[in-house]
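Everything below belongs to upload15.json, which stores JSON, C-alpha atoms and all ligand atoms.
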[["chain", "number", "residue", "atom", "x", "y", "z"],
["A", 1, "MET", "CA", -56.15, -51.50, -24.94],
["A", 2, "THR", "CA", -54.01, -52.93, -22.19],
["A", 3, "MET", "CA", -55.09, -52.75, -18.59],
["A", 4, "VAL", "CA", -52.16, -52.83, -16.22],
["A", 5, "THR", "CA", -51.95, -52.84, -12.46],
["A", 6, "ALA", "CA", -49.46, -50.26, -11.23],
["A", 7, "THR", "CA", -46.59, -51.63, -9.17],
["A", 8, "PRO", "CA", -43.64, -49.68, -7.76],
["A", 9, "PRO", "CA", -40.75, -49.49, -10.20],
["A", 10, "ALA", "CA", -37.97, -51.98, -9.69],
["A", 11, "GLY", "CA", -34.84, -50.73, -8.03],
["A", 12, "ILE", "CA", -36.21, -47.55, -6.54],
["A", 13, "ALA", "CA", -37.76, -48.00, -3.15],
["A", 14, "ASN", "CA", -41.04, -46.19, -2.90],
["A", 15, "ALA", "CA", -40.23, -44.09, -5.98],
["A", 16, "GLY", "CA", -43.00, -41.64, -6.34],
["A", 17, "THR", "CA", -45.61, -43.72, -4.59],
["A", 18, "SER", "CA", -46.60, -40.36, -3.42],
["A", 19, "ASP", "CA", -48.81, -41.05, -0.41],
["A", 20, "ASN", "CA", -51.75, -43.22, 0.52],
["A", 21, "ARG", "CA", -54.01, -41.77, -2.17],
["A", 22, "ASN", "CA", -54.78, -43.86, -5.26],
["A", 23, "VAL", "CA", -52.13, -43.86, -7.94],
["A", 24, "LEU", "CA", -53.45, -42.09, -11.04],
["A", 25, "LEU", "CA", -50.39, -42.10, -13.28],
["A", 26, "SER", "CA", -47.58, -44.64, -13.40],
["A", 27, "VAL", "CA", -44.57, -43.98, -15.56],
["A", 28, "ARG", "CA", -42.56, -47.19, -15.84],
["A", 29, "ASP", "CA", -39.02, -47.53, -17.21],
["A", 30, "VAL", "CA", -39.73, -45.01, -19.91],
["A", 31, "ARG", "CA", -36.98, -44.47, -22.43],
["A", 32, "LYS", "CA", -37.08, -42.05, -25.33],
["A", 33, "VAL", "CA", -34.25, -42.12, -27.82],
["A", 34, "TYR", "CA", -34.02, -39.60, -30.67],
["A", 35, "GLY", "CA", -31.90, -40.09, -33.75],
["A", 36, "SER", "CA", -29.81, -43.07, -34.76],
["A", 37, "ARG", "CA", -26.21, -44.23, -35.10],
["A", 38, "GLU", "CA", -23.77, -41.39, -34.35],
["A", 39, "ALA", "CA", -26.46, -38.85, -33.41],
["A", 40, "VAL", "CA", -28.35, -40.62, -30.64],
["A", 41, "THR", "CA", -29.92, -38.64, -27.78],
["A", 42, "ARG", "CA", -31.36, -40.45, -24.79],
["A", 43, "ALA", "CA", -33.91, -37.79, -23.92],
["A", 44, "LEU", "CA", -35.49, -40.07, -21.28],
["A", 45, "ASP", "CA", -33.46, -42.86, -19.73],
["A", 46, "ASP", "CA", -35.47, -45.39, -17.73],
["A", 47, "VAL", "CA", -37.70, -42.91, -15.95],
["A", 48, "SER", "CA", -40.16, -44.30, -13.39],
["A", 49, "PHE", "CA", -42.48, -42.52, -10.98],
["A", 50, "ASP", "CA", -46.10, -42.37, -9.84],
["A", 51, "ILE", "CA", -48.51, -39.52, -9.39],
["A", 52, "SER", "CA", -51.45, -39.91, -7.03],
["A", 53, "GLU", "CA", -54.98, -38.69, -7.62],
["A", 54, "GLY", "CA", -55.26, -35.08, -6.49],
["A", 55, "GLU", "CA", -51.51, -34.43, -6.42],
["A", 56, "PHE", "CA", -49.87, -31.28, -7.79],
["A", 57, "VAL", "CA", -46.46, -32.31, -9.12],
["A", 58, "GLY", "CA", -43.80, -30.03, -10.58],
["A", 59, "VAL", "CA", -41.13, -31.22, -13.01],
["A", 60, "MET", "CA", -37.87, -29.28, -13.07],
["A", 61, "GLY", "CA", -34.45, -29.71, -14.60],
["A", 62, "PRO", "CA", -31.85, -27.91, -16.71],
["A", 63, "SER", "CA", -32.48, -27.07, -20.35],
["A", 64, "GLY", "CA", -32.35, -30.20, -22.47],
["A", 65, "SER", "CA", -32.86, -32.54, -19.50],
["A", 66, "GLY", "CA", -35.99, -34.14, -20.95],
["A", 67, "LYS", "CA", -38.90, -32.29, -19.32],
["A", 68, "SER", "CA", -40.80, -31.53, -22.51],
["A", 69, "THR", "CA", -40.13, -35.01, -23.83],
["A", 70, "LEU", "CA", -41.65, -36.45, -20.67],
["A", 71, "LEU", "CA", -44.71, -34.22, -20.93],
["A", 72, "ASN", "CA", -45.09, -35.01, -24.64],
["A", 73, "CYS", "CA", -44.92, -38.75, -23.99],
["A", 74, "ILE", "CA", -47.55, -38.51, -21.25],
["A", 75, "SER", "CA", -49.80, -36.37, -23.43],
["A", 76, "THR", "CA", -49.25, -38.91, -26.25],
["A", 77, "ILE", "CA", -48.04, -36.13, -28.56],
["A", 78, "ASP", "CA", -44.82, -38.17, -28.76],
["A", 79, "THR", "CA", -44.29, -41.94, -28.46],
["A", 80, "VAL", "CA", -41.95, -43.72, -26.05],
["A", 81, "THR", "CA", -39.08, -45.88, -27.34],
["A", 82, "SER", "CA", -39.74, -48.37, -24.54],
["A", 83, "GLY", "CA", -41.53, -48.53, -21.21],
["A", 84, "ASN", "CA", -45.12, -47.94, -20.18],
["A", 85, "ILE", "CA", -47.29, -45.03, -19.11],
["A", 86, "ILE", "CA", -50.40, -46.09, -17.26],
["A", 87, "LEU", "CA", -53.24, -43.72, -16.50],
["A", 88, "SER", "CA", -56.06, -45.13, -14.38],
["A", 89, "GLY", "CA", -55.06, -48.67, -15.32],
["A", 90, "LEU", "CA", -54.88, -47.93, -19.05],
["A", 91, "ASP", "CA", -51.52, -48.27, -20.78],
["A", 92, "ILE", "CA", -51.57, -45.23, -23.02],
["A", 93, "THR", "CA", -48.42, -46.28, -24.90],
["A", 94, "GLN", "CA", -50.56, -48.99, -26.51],
["A", 95, "LEU", "CA", -53.40, -46.80, -27.77],
["A", 96, "ARG", "CA", -54.22, -46.52, -31.47],
["A", 97, "SER", "CA", -55.11, -43.30, -33.21],
["A", 98, "ARG", "CA", -58.86, -43.16, -32.53],
["A", 99, "GLN", "CA", -58.34, -44.17, -28.91],
["A", 100, "LEU", "CA", -55.58, -41.56, -28.66],
["A", 101, "SER", "CA", -57.88, -38.74, -29.77],
["A", 102, "LYS", "CA", -60.50, -39.85, -27.28],
["A", 103, "PHE", "CA", -57.91, -40.13, -24.51],
["A", 104, "ARG", "CA", -56.57, -36.62, -25.18],
["A", 105, "ARG", "CA", -60.08, -35.18, -25.37],
["A", 106, "ASP", "CA", -61.61, -36.92, -22.36],
["A", 107, "ASP", "CA", -58.78, -37.56, -19.93],
["A", 108, "LEU", "CA", -56.33, -34.69, -20.34],
["A", 109, "GLY", "CA", -56.45, -30.94, -19.87],
["A", 110, "PHE", "CA", -53.66, -28.75, -21.21],
["A", 111, "ILE", "CA", -52.29, -25.39, -20.13],
["A", 112, "PHE", "CA", -49.48, -24.01, -22.30],
["A", 113, "GLN", "CA", -47.07, -21.11, -21.94],
["A", 114, "ASP", "CA", -49.17, -18.97, -24.24],
["A", 115, "ALA", "CA", -52.82, -19.52, -23.51],
["A", 116, "ASN", "CA", -53.53, -20.94, -26.97],
["A", 117, "LEU", "CA", -57.09, -19.68, -26.97],
["A", 118, "LEU", "CA", -58.93, -19.53, -30.27],
["A", 119, "ASP", "CA", -59.00, -15.86, -31.35],
["A", 120, "THR", "CA", -62.36, -16.03, -33.06],
["A", 121, "LEU", "CA", -64.16, -17.43, -30.01],
["A", 122, "THR", "CA", -65.18, -15.59, -26.85],
["A", 123, "GLY", "CA", -63.91, -16.65, -23.44],
["A", 124, "PHE", "CA", -67.16, -18.55, -22.89],
["A", 125, "GLU", "CA", -66.89, -20.33, -26.23],
["A", 126, "ASN", "CA", -63.24, -21.20, -25.65],
["A", 127, "ILE", "CA", -64.02, -22.76, -22.28],
["A", 128, "ALA", "CA", -67.15, -24.48, -23.61],
["A", 129, "LEU", "CA", -65.43, -26.03, -26.62],
["A", 130, "ALA", "CA", -64.38, -29.29, -24.98],
["A", 131, "LEU", "CA", -67.89, -29.83, -23.63],
["A", 132, "THR", "CA", -69.52, -28.97, -26.95],
["A", 133, "ILE", "CA", -67.29, -31.42, -28.81],
["A", 134, "LYS", "CA", -68.31, -34.08, -26.30],
["A", 135, "GLY", "CA", -71.94, -33.37, -27.20],
["A", 136, "GLU", "CA", -73.07, -32.04, -23.83],
["A", 137, "LYS", "CA", -76.42, -30.25, -23.72],
["A", 138, "ALA", "CA", -76.44, -26.43, -23.82],
["A", 139, "ASP", "CA", -77.81, -26.05, -20.27],
["A", 140, "ALA", "CA", -75.15, -28.34, -18.82],
["A", 141, "VAL", "CA", -72.44, -26.52, -20.81],
["A", 142, "ARG", "CA", -73.57, -23.14, -19.48],
["A", 143, "ALA", "CA", -73.74, -24.36, -15.89],
["A", 144, "LYS", "CA", -70.27, -25.94, -16.03],
["A", 145, "VAL", "CA", -68.64, -22.98, -17.79],
["A", 146, "ASP", "CA", -70.25, -20.49, -15.38],
["A", 147, "SER", "CA", -69.20, -22.35, -12.25],
["A", 148, "THR", "CA", -65.63, -22.94, -13.49],
["A", 149, "ALA", "CA", -65.29, -19.31, -14.61],
["A", 150, "ASN", "CA", -66.59, -18.15, -11.25],
["A", 151, "MET", "CA", -64.10, -20.35, -9.42],
["A", 152, "LEU", "CA", -61.22, -18.96, -11.47],
["A", 153, "GLY", "CA", -62.34, -15.33, -11.42],
["A", 154, "VAL", "CA", -62.95, -14.89, -15.15],
["A", 155, "THR", "CA", -66.72, -14.37, -15.21],
["A", 156, "ASP", "CA", -66.16, -10.75, -16.31],
["A", 157, "VAL", "CA", -64.33, -11.74, -19.47],
["A", 158, "LEU", "CA", -66.59, -14.55, -20.69],
["A", 159, "GLN", "CA", -68.04, -12.35, -23.44],
["A", 160, "LYS", "CA", -64.68, -10.93, -24.47],
["A", 161, "TYR", "CA", -62.43, -12.21, -27.22],
["A", 162, "PRO", "CA", -58.85, -13.21, -26.29],
["A", 163, "ARG", "CA", -57.40, -10.01, -27.79],
["A", 164, "GLN", "CA", -59.59, -8.01, -25.39],
["A", 165, "MET", "CA", -58.24, -9.83, -22.32],
["A", 166, "SER", "CA", -55.05, -9.28, -20.33],
["A", 167, "GLY", "CA", -52.33, -11.95, -20.44],
["A", 168, "GLY", "CA", -53.29, -13.12, -16.96],
["A", 169, "GLN", "CA", -56.99, -13.31, -17.87],
["A", 170, "ARG", "CA", -56.16, -15.33, -20.98],
["A", 171, "GLN", "CA", -54.15, -17.80, -18.90],
["A", 172, "ARG", "CA", -56.96, -18.15, -16.37],
["A", 173, "VAL", "CA", -59.46, -18.74, -19.18],
["A", 174, "ALA", "CA", -57.03, -21.37, -20.47],
["A", 175, "ALA", "CA", -56.98, -22.93, -16.99],
["A", 176, "ALA", "CA", -60.79, -22.96, -16.99],
["A", 177, "ARG", "CA", -60.80, -24.60, -20.41],
["A", 178, "ALA", "CA", -58.32, -27.23, -19.19],
["A", 179, "ILE", "CA", -60.47, -28.23, -16.25],
["A", 180, "VAL", "CA", -64.09, -27.72, -17.35],
["A", 181, "ALA", "CA", -64.54, -31.21, -18.78],
["A", 182, "ASP", "CA", -63.18, -32.75, -15.58],
["A", 183, "PRO", "CA", -60.07, -34.41, -17.02],
["A", 184, "LYS", "CA", -58.16, -37.01, -15.06],
["A", 185, "LEU", "CA", -54.88, -35.16, -15.44],
["A", 186, "VAL", "CA", -54.00, -31.52, -16.17],
["A", 187, "LEU", "CA", -50.66, -31.04, -17.95],
["A", 188, "ALA", "CA", -49.14, -27.58, -17.68],
["A", 189, "ASP", "CA", -46.07, -26.62, -19.70],
["A", 190, "GLU", "CA", -44.38, -23.47, -18.34],
["A", 191, "PRO", "CA", -47.82, -21.94, -17.64],
["A", 192, "THR", "CA", -46.32, -18.79, -16.11],
["A", 193, "GLY", "CA", -43.55, -18.40, -18.71],
["A", 194, "ALA", "CA", -45.19, -15.51, -20.53],
["A", 195, "LEU", "CA", -46.61, -13.71, -17.48],
["A", 196, "ASP", "CA", -45.28, -10.93, -15.29],
["A", 197, "SER", "CA", -44.82, -11.79, -11.63],
["A", 198, "ARG", "CA", -48.24, -10.47, -10.54],
["A", 199, "ASN", "CA", -50.14, -12.40, -13.20],
["A", 200, "ALA", "CA", -47.94, -15.44, -12.60],
["A", 201, "ALA", "CA", -48.94, -15.39, -8.94],
["A", 202, "VAL", "CA", -52.63, -15.16, -9.88],
["A", 203, "LEU", "CA", -52.27, -18.10, -12.27],
["A", 204, "LEU", "CA", -50.42, -20.19, -9.69],
["A", 205, "GLU", "CA", -53.12, -19.45, -7.14],
["A", 206, "THR", "CA", -55.59, -20.55, -9.81],
["A", 207, "LEU", "CA", -53.76, -23.85, -10.13],
["A", 208, "GLU", "CA", -53.89, -24.16, -6.35],
["A", 209, "VAL", "CA", -57.67, -23.68, -6.52],
["A", 210, "LEU", "CA", -57.96, -26.28, -9.28],
["A", 211, "ASN", "CA", -55.98, -28.67, -7.14],
["A", 212, "ALA", "CA", -57.45, -27.97, -3.70],
["A", 213, "LYS", "CA", -61.11, -27.28, -4.51],
["A", 214, "LEU", "CA", -61.65, -29.21, -7.72],
["A", 215, "HIS", "CA", -59.21, -31.99, -6.78],
["A", 216, "ALA", "CA", -57.49, -31.71, -10.15],
["A", 217, "THR", "CA", -54.33, -33.78, -10.53],
["A", 218, "ILE", "CA", -51.73, -31.48, -12.04],
["A", 219, "MET", "CA", -48.32, -32.10, -13.56],
["A", 220, "MET", "CA", -46.48, -28.86, -14.32],
["A", 221, "VAL", "CA", -43.15, -28.41, -16.09],
["A", 222, "THR", "CA", -41.42, -25.23, -14.99],
["A", 223, "HIS", "CA", -38.02, -23.55, -14.80],
["A", 224, "ASP", "CA", -39.28, -21.23, -12.13],
["A", 225, "ALA", "CA", -38.65, -22.15, -8.49],
["A", 226, "VAL", "CA", -41.45, -19.82, -7.35],
["A", 227, "ALA", "CA", -43.93, -21.59, -9.61],
["A", 228, "ALA", "CA", -42.63, -24.98, -8.48],
["A", 229, "SER", "CA", -43.07, -24.04, -4.82],
["A", 230, "TYR", "CA", -46.87, -24.15, -5.31],
["A", 231, "ALA", "CA", -46.66, -27.91, -6.00],
["A", 232, "ASP", "CA", -46.84, -30.74, -3.44],
["A", 233, "ARG", "CA", -43.82, -32.46, -4.90],
["A", 234, "ILE", "CA", -41.06, -31.75, -7.39],
["A", 235, "LEU", "CA", -39.39, -34.27, -9.66],
["A", 236, "PHE", "CA", -35.96, -33.14, -10.83],
["A", 237, "ILE", "CA", -34.69, -34.49, -14.13],
["A", 238, "LYS", "CA", -31.10, -34.41, -15.29],
["A", 239, "ASP", "CA", -29.77, -35.91, -18.52],
["A", 240, "GLY", "CA", -33.01, -37.80, -19.04],
["A", 241, "LYS", "CA", -32.92, -39.45, -15.60],
["A", 242, "LEU", "CA", -34.85, -38.76, -12.43],
["A", 243, "PHE", "CA", -32.26, -37.13, -10.24],
["A", 244, "ASN", "CA", -34.13, -36.20, -7.11],
["A", 245, "GLU", "CA", -37.55, -35.68, -5.60],
["A", 246, "LEU", "CA", -38.66, -33.08, -3.09],
["A", 247, "ARG", "CA", -41.87, -33.12, -1.14],
["A", 248, "ARG", "CA", -43.34, -30.00, 0.37],
["A", 249, "GLY", "CA", -44.88, -31.84, 3.30],
["A", 250, "ASP", "CA", -45.96, -29.35, 5.94],
["A", 251, "ASP", "CA", -43.42, -26.73, 4.89],
["A", 252, "ALA", "CA", -44.50, -23.18, 4.25],
["A", 253, "ARG", "CA", -44.18, -22.32, 0.58],
["A", 254, "THR", "CA", -41.22, -20.04, 1.26],
["A", 255, "ASP", "CA", -39.31, -22.87, 2.99],
["A", 256, "PHE", "CA", -40.13, -25.24, 0.16],
["A", 257, "TYR", "CA", -38.91, -22.60, -2.29],
["A", 258, "GLN", "CA", -35.53, -22.47, -0.50],
["A", 259, "ARG", "CA", -35.15, -26.24, -0.73],
["A", 260, "ILE", "CA", -36.01, -26.14, -4.44],
["A", 261, "LEU", "CA", -33.37, -23.44, -4.99],
["A", 262, "GLU", "CA", -30.81, -25.64, -3.30],
["A", 263, "VAL", "CA", -31.40, -28.58, -5.61],
["A", 264, "GLN", "CA", -31.52, -26.24, -8.61],
["A", 265, "ALA", "CA", -28.18, -24.72, -7.63],
["A", 266, "PHE", "CA", -26.66, -28.15, -7.38],
["A", 267, "LEU", "CA", -28.12, -29.24, -10.70],
["A", 268, "SER", "CA", -26.71, -26.19, -12.43],
["A", 269, "GLY", "CA", -23.30, -26.79, -10.88],
["A", 270, "LYS", "CA", -23.31, -23.68, -8.71],
["A", 271, "GLN", "CA", -22.92, -25.62, -5.49],
["A", 272, "GLY", "CA", -20.11, -28.09, -4.96],
["A", 273, "ASP", "CA", -21.74, -30.26, -2.37],
["A", 274, "SER", "CA", -24.68, -32.42, -3.36],
["A", 275, "PRO", "CA", -27.73, -31.89, -1.16],
["A", 276, "ALA", "CA", -28.86, -35.41, -2.00],
["A", 277, "VAL", "CA", -27.25, -37.32, -4.78],
["A", 278, "GLY", "CA", -29.41, -39.85, -6.50],
["A", 279, "PHE", "CA", -33.13, -40.25, -6.58],
["A", 280, "ALA", "CA", -34.31, -40.02, -3.03],
["A", 281, "PRO", "CA", -37.95, -40.10, -2.05],
["A", 282, "SER", "CA", -39.64, -37.85, 0.44],
["A", 283, "HIS", "CA", -37.89, -35.18, 2.49],
["A", 284, "ALA", "CA", -34.39, -36.12, 1.42],
["A", 285, "VAL", "CA", -33.22, -32.57, 0.91],
["A", 286, "LYS", "CA", -33.35, -30.30, 3.89],
["A", 287, "PRO", "CA", -32.49, -26.63, 3.90],
["A", 288, "ARG", "CA", -29.11, -25.79, 5.34],
["A", 289, "ASN", "CA", -28.82, -23.40, 8.21],
["B", 301, "LIG", "N1", -37.18, -34.24, -32.10],
["B", 301, "LIG", "C1", -35.99, -34.35, -31.55],
["B", 301, "LIG", "N2", -34.96, -34.87, -32.24],
["B", 301, "LIG", "C2", -33.74, -35.01, -31.68],
["B", 301, "LIG", "N3", -33.44, -34.67, -30.41],
["B", 301, "LIG", "C3", -34.44, -34.15, -29.67],
["B", 301, "LIG", "C4", -35.76, -33.95, -30.20],
["B", 301, "LIG", "N4", -36.52, -33.41, -29.23],
["B", 301, "LIG", "C5", -35.73, -33.26, -28.15],
["B", 301, "LIG", "N5", -34.48, -33.70, -28.41],
["B", 301, "LIG", "C6", -33.34, -33.75, -27.48],
["B", 301, "LIG", "O1", -33.76, -34.43, -26.31],
["B", 301, "LIG", "C7", -33.21, -33.82, -25.15],
["B", 301, "LIG", "C8", -34.34, -33.42, -24.21],
["B", 301, "LIG", "O2", -35.07, -32.36, -24.81],
["B", 301, "LIG", "P1", -36.32, -31.69, -24.09],
["B", 301, "LIG", "O3", -36.92, -30.73, -25.06],
["B", 301, "LIG", "O4", -37.20, -32.74, -23.55],
["B", 301, "LIG", "O5", -35.62, -30.90, -22.90],
["B", 301, "LIG", "P2", -36.23, -29.87, -21.85],
["B", 301, "LIG", "O6", -35.79, -30.29, -20.51],
["B", 301, "LIG", "O7", -37.70, -29.72, -22.08],
["B", 301, "LIG", "O8", -35.47, -28.54, -22.29],
["B", 301, "LIG", "P3", -35.92, -26.99, -22.17],
["B", 301, "LIG", "O9", -36.01, -26.69, -20.70],
["B", 301, "LIG", "O10", -34.78, -26.28, -22.82],
["B", 301, "LIG", "O11", -37.22, -26.82, -22.88],
["B", 301, "LIG", "C9", -32.36, -32.66, -25.64],
["B", 301, "LIG", "O12", -31.02, -33.08, -25.72],
["B", 301, "LIG", "C10", -32.92, -32.37, -27.02],
["B", 301, "LIG", "O13", -31.92, -31.82, -27.87]]

Translate this file's structure into structure tokens.
Amino acid sequence: MTMVTATPPAGIANAGTSDNRNVLLSVRDVRKVYGSREAVTRALDDVSFDISEGEFVGVMGPSGSGKSTLLNCISTIDTVTSGNIILSGLDITQLRSRQLSKFRRDDLGFIFQDANLLDTLTGFENIALALTIKGEKADAVRAKVDSTANMLGVTDVLQKYPRQMSGGQRQRVAAARAIVADPKLVLADEPTGALDSRNAAVLLETLEVLNAKLHATIMMVTHDAVAASYADRILFIKDGKLFNELRRGDDARTDFYQRILEVQAFLSGKQGDSPAVGFAPSHAVKPRN
């Protein structure tokens, strides 16, 4: 295991040193190349940023820009070609298989597009699984599951099986499962992708609760500007590179949403004039009047 002290990435002033909270995650000069010879894809091309403890960060970008690759490298499902990913001082690109399993189990929580609950387990059992695997005592498991379920409004479905729950309830149970073991980082991959707008809003409010009340650090990949507007900060990726960063600051969510739409429009080529070309920290992109 390699312990590394996080330093700001070279060449990008203040890149992603999000605020004065402690840095939890440092992604440093990460490159991911698929294929070889004539069929090479640089899915990630020297990507560097930090995420602070307690931050809620969205990752956006056009299809094929490298969002899933980034998430997969951070979750250690995929390996980087070069560069480092440091979580709480631990360089996770250097972990071996047993350490990797422990890291995924103890330090990460996952929320996927489809809830990925186990069909043969009740809501309670699904949420409790991570704690049970860790060997926690039954009383502690019950107390943690009950309080997390209560916080996320799924107490009523704890005895139901996933097929007996609505899509929104399944996603909230999945959110409870992601957070119950108190992971350092929650990774969400298009968590609202399979939900209608009402259930999406409930899930996003759930993520807000995880972030604000339970101080969960969340990194969420999304195509959806509404979903992204719940985050504190958005990283935009284009062609495997960090293209821009937006911070919500004190903006109302609706104002932040408008600024996100502006960058999205530019990224998809629908707007001729760049709102802020290049990776620019903080409030670089302002809404136009
Ligand atoms: N296993 C692989 N082998 C070869 N190329 C890959 C592989 N996985 C991803 N890529 C390529 O890497 C690039 C980034 O893909 P990635 O899935 O990270 O994009 P994305 O931003 O998540 O896209 P989407 O929004 O469509 O899910 C794409 O050009 C993709 O074709």

For chain A versus ligand LIG 301 (chain B), which residues have an atom no more than 7 Å away, and what is each residue's nearest atom pair and distance in Å rounded to one decimal, using all atoms listed in the file, chain-then-number order, as a Markdown table?
| residue | atom | partner | partner_atom | distance |
| --- | --- | --- | --- | --- |
| A:Tyr34 | CA | B:LIG301 | C2 | 4.7 |
| A:Gly35 | CA | B:LIG301 | C2 | 5.8 |
| A:Thr41 | CA | B:LIG301 | O1 | 5.9 |
| A:Arg42 | CA | B:LIG301 | O1 | 6.7 |
| A:Ala43 | CA | B:LIG301 | O1 | 4.1 |
| A:Gly61 | CA | B:LIG301 | O6 | 6.1 |
| A:Pro62 | CA | B:LIG301 | O9 | 5.9 |
| A:Ser63 | CA | B:LIG301 | O10 | 3.5 |
| A:Gly64 | CA | B:LIG301 | O5 | 3.4 |
| A:Ser65 | CA | B:LIG301 | O6 | 3.8 |
| A:Gly66 | CA | B:LIG301 | O4 | 3.2 |
| A:Lys67 | CA | B:LIG301 | O6 | 3.9 |
| A:Ser68 | CA | B:LIG301 | O7 | 3.6 |
| A:Thr69 | CA | B:LIG301 | O4 | 3.7 |
| A:Leu70 | CA | B:LIG301 | O4 | 6.5 |
| A:His223 | CA | B:LIG301 | O9 | 7.0 |
| A:Gly240 | CA | B:LIG301 | C8 | 6.9 |

Taking C-alpha atoms for each residue, export the selection above as a PDB file, keeping the file's coordinate frame.
ATOM      1  CA  TYR A  34     -34.020 -39.600 -30.670  1.00  0.00           C
ATOM      2  CA  GLY A  35     -31.900 -40.090 -33.750  1.00  0.00           C
ATOM      3  CA  THR A  41     -29.920 -38.640 -27.780  1.00  0.00           C
ATOM      4  CA  ARG A  42     -31.360 -40.450 -24.790  1.00  0.00           C
ATOM      5  CA  ALA A  43     -33.910 -37.790 -23.920  1.00  0.00           C
ATOM      6  CA  GLY A  61     -34.450 -29.710 -14.600  1.00  0.00           C
ATOM      7  CA  PRO A  62     -31.850 -27.910 -16.710  1.00  0.00           C
ATOM      8  CA  SER A  63     -32.480 -27.070 -20.350  1.00  0.00           C
ATOM      9  CA  GLY A  64     -32.350 -30.200 -22.470  1.00  0.00           C
ATOM     10  CA  SER A  65     -32.860 -32.540 -19.500  1.00  0.00           C
ATOM     11  CA  GLY A  66     -35.990 -34.140 -20.950  1.00  0.00           C
ATOM     12  CA  LYS A  67     -38.900 -32.290 -19.320  1.00  0.00           C
ATOM     13  CA  SER A  68     -40.800 -31.530 -22.510  1.00  0.00           C
ATOM     14  CA  THR A  69     -40.130 -35.010 -23.830  1.00  0.00           C
ATOM     15  CA  LEU A  70     -41.650 -36.450 -20.670  1.00  0.00           C
ATOM     16  CA  HIS A 223     -38.020 -23.550 -14.800  1.00  0.00           C
ATOM     17  CA  GLY A 240     -33.010 -37.800 -19.040  1.00  0.00           C
TER      18      GLY A 240
END

Distance of atom CA of Arg177 of chain A from atom CA of Leu129 of chain A, expressed in Å to one decimal place: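 Taking atom CA of Leu129 of chain A and atom CA of Arg177 of chain A, their separation equals 7.9 Å.
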
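Distances from A:Asp78, A:Ala128, A:Ala115, A:Glu190 to Ser166 of chain A were compared using all atoms listed in the file, and the smallest one belongs to A:Ala115.
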
Please provide as a PDB file with C-alpha atoms, in the coordinates of the input all residues within 6 Å of Val23 of chain A, with the sequence filter that same-chain residues fewer than 2 positions apart are discarded (counting only C-alpha atoms).
ATOM      1  CA  LEU A  25     -50.390 -42.100 -13.280  1.00  0.00           C
ATOM      2  CA  ILE A  51     -48.510 -39.520  -9.390  1.00  0.00           C
ATOM      3  CA  SER A  52     -51.450 -39.910  -7.030  1.00  0.00           C
ATOM      4  CA  GLU A  53     -54.980 -38.690  -7.620  1.00  0.00           C
TER       5      GLU A  53
END

Coordinates-based distance that separates atom CA of Ile92 of chain A from atom CA of Asp46 of chain A (Å, one decimal): 16.9 Å

Neighbours of point (-56.9, -30.2, -13.4) within 6 Å, using only C-alpha atoms, written as a PyMOL selection string: chain A and resi 179+185-186+210+216-218

Atomic distance atom CA of Gln171 of chain A - atom CA of Lys238 of chain A, expressed in Å with one decimal: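 Going from atom CA of Gln171 of chain A over to atom CA of Lys238 of chain A, I get 28.6 Å.
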
Residue nearest Val154 of chain A - candidates A:Asp189, A:Val202, A:Asp114, A:Thr222, atoms counted: only C-alpha atoms: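 Of A:Asp189, A:Val202, A:Asp114, A:Thr222, the one nearest Val154 of chain A is A:Val202, counting only C-alpha atoms.
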
From A:Val30, A:Ala140, A:Leu267, A:Leu204, residue lying nearest Asn84 of chain A [all atoms listed in the file]: A:Val30

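Minimum distance to Ser26 of chain A across A:Leu44, A:Leu90, A:Ile234, A:Ala143 (counting only C-alpha atoms) occurs at A:Leu90.
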
Selection: 12 Å around Tyr230 of chain A, all atoms listed in the file, excl. self and same-chain fewer than 6 positions, as a VMD selection string: chain A and resid 55 to 59 200 to 212 218 to 220 222 224 247 to 249 251 to 257 260

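Closest approach to Ile237 of chain A among A:Val263, A:Val33, A:Ile133, A:Ala149 is made by A:Val263 (distances from all atoms listed in the file).
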
From A:Arg98, A:Arg21, A:Lys241, A:Arg233, residue lying nearest Arg259 of chain A [all atoms listed in the file]: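 Closest residue, counting all atoms listed in the file: A:Arg233.
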
Give me, as a CSV table (one decimal) with C-alpha atoms, in the coordinates of the input, all polymer residues having an atom no more than 12 Å from Thr132 of chain A, counting only C-alpha atoms and skipping those fewer than 2 positions away in the same chain.
chain,number,residue,atom,x,y,z
A,105,ARG,CA,-60.1,-35.2,-25.4
A,124,PHE,CA,-67.2,-18.6,-22.9
A,125,GLU,CA,-66.9,-20.3,-26.2
A,126,ASN,CA,-63.2,-21.2,-25.6
A,127,ILE,CA,-64.0,-22.8,-22.3
A,128,ALA,CA,-67.2,-24.5,-23.6
A,129,LEU,CA,-65.4,-26.0,-26.6
A,130,ALA,CA,-64.4,-29.3,-25.0
A,134,LYS,CA,-68.3,-34.1,-26.3
A,135,GLY,CA,-71.9,-33.4,-27.2
A,136,GLU,CA,-73.1,-32.0,-23.8
A,137,LYS,CA,-76.4,-30.2,-23.7
A,138,ALA,CA,-76.4,-26.4,-23.8
A,139,ASP,CA,-77.8,-26.0,-20.3
A,140,ALA,CA,-75.2,-28.3,-18.8
A,141,VAL,CA,-72.4,-26.5,-20.8
A,142,ARG,CA,-73.6,-23.1,-19.5
A,144,LYS,CA,-70.3,-25.9,-16.0
A,145,VAL,CA,-68.6,-23.0,-17.8
A,177,ARG,CA,-60.8,-24.6,-20.4
A,180,VAL,CA,-64.1,-27.7,-17.4
A,181,ALA,CA,-64.5,-31.2,-18.8
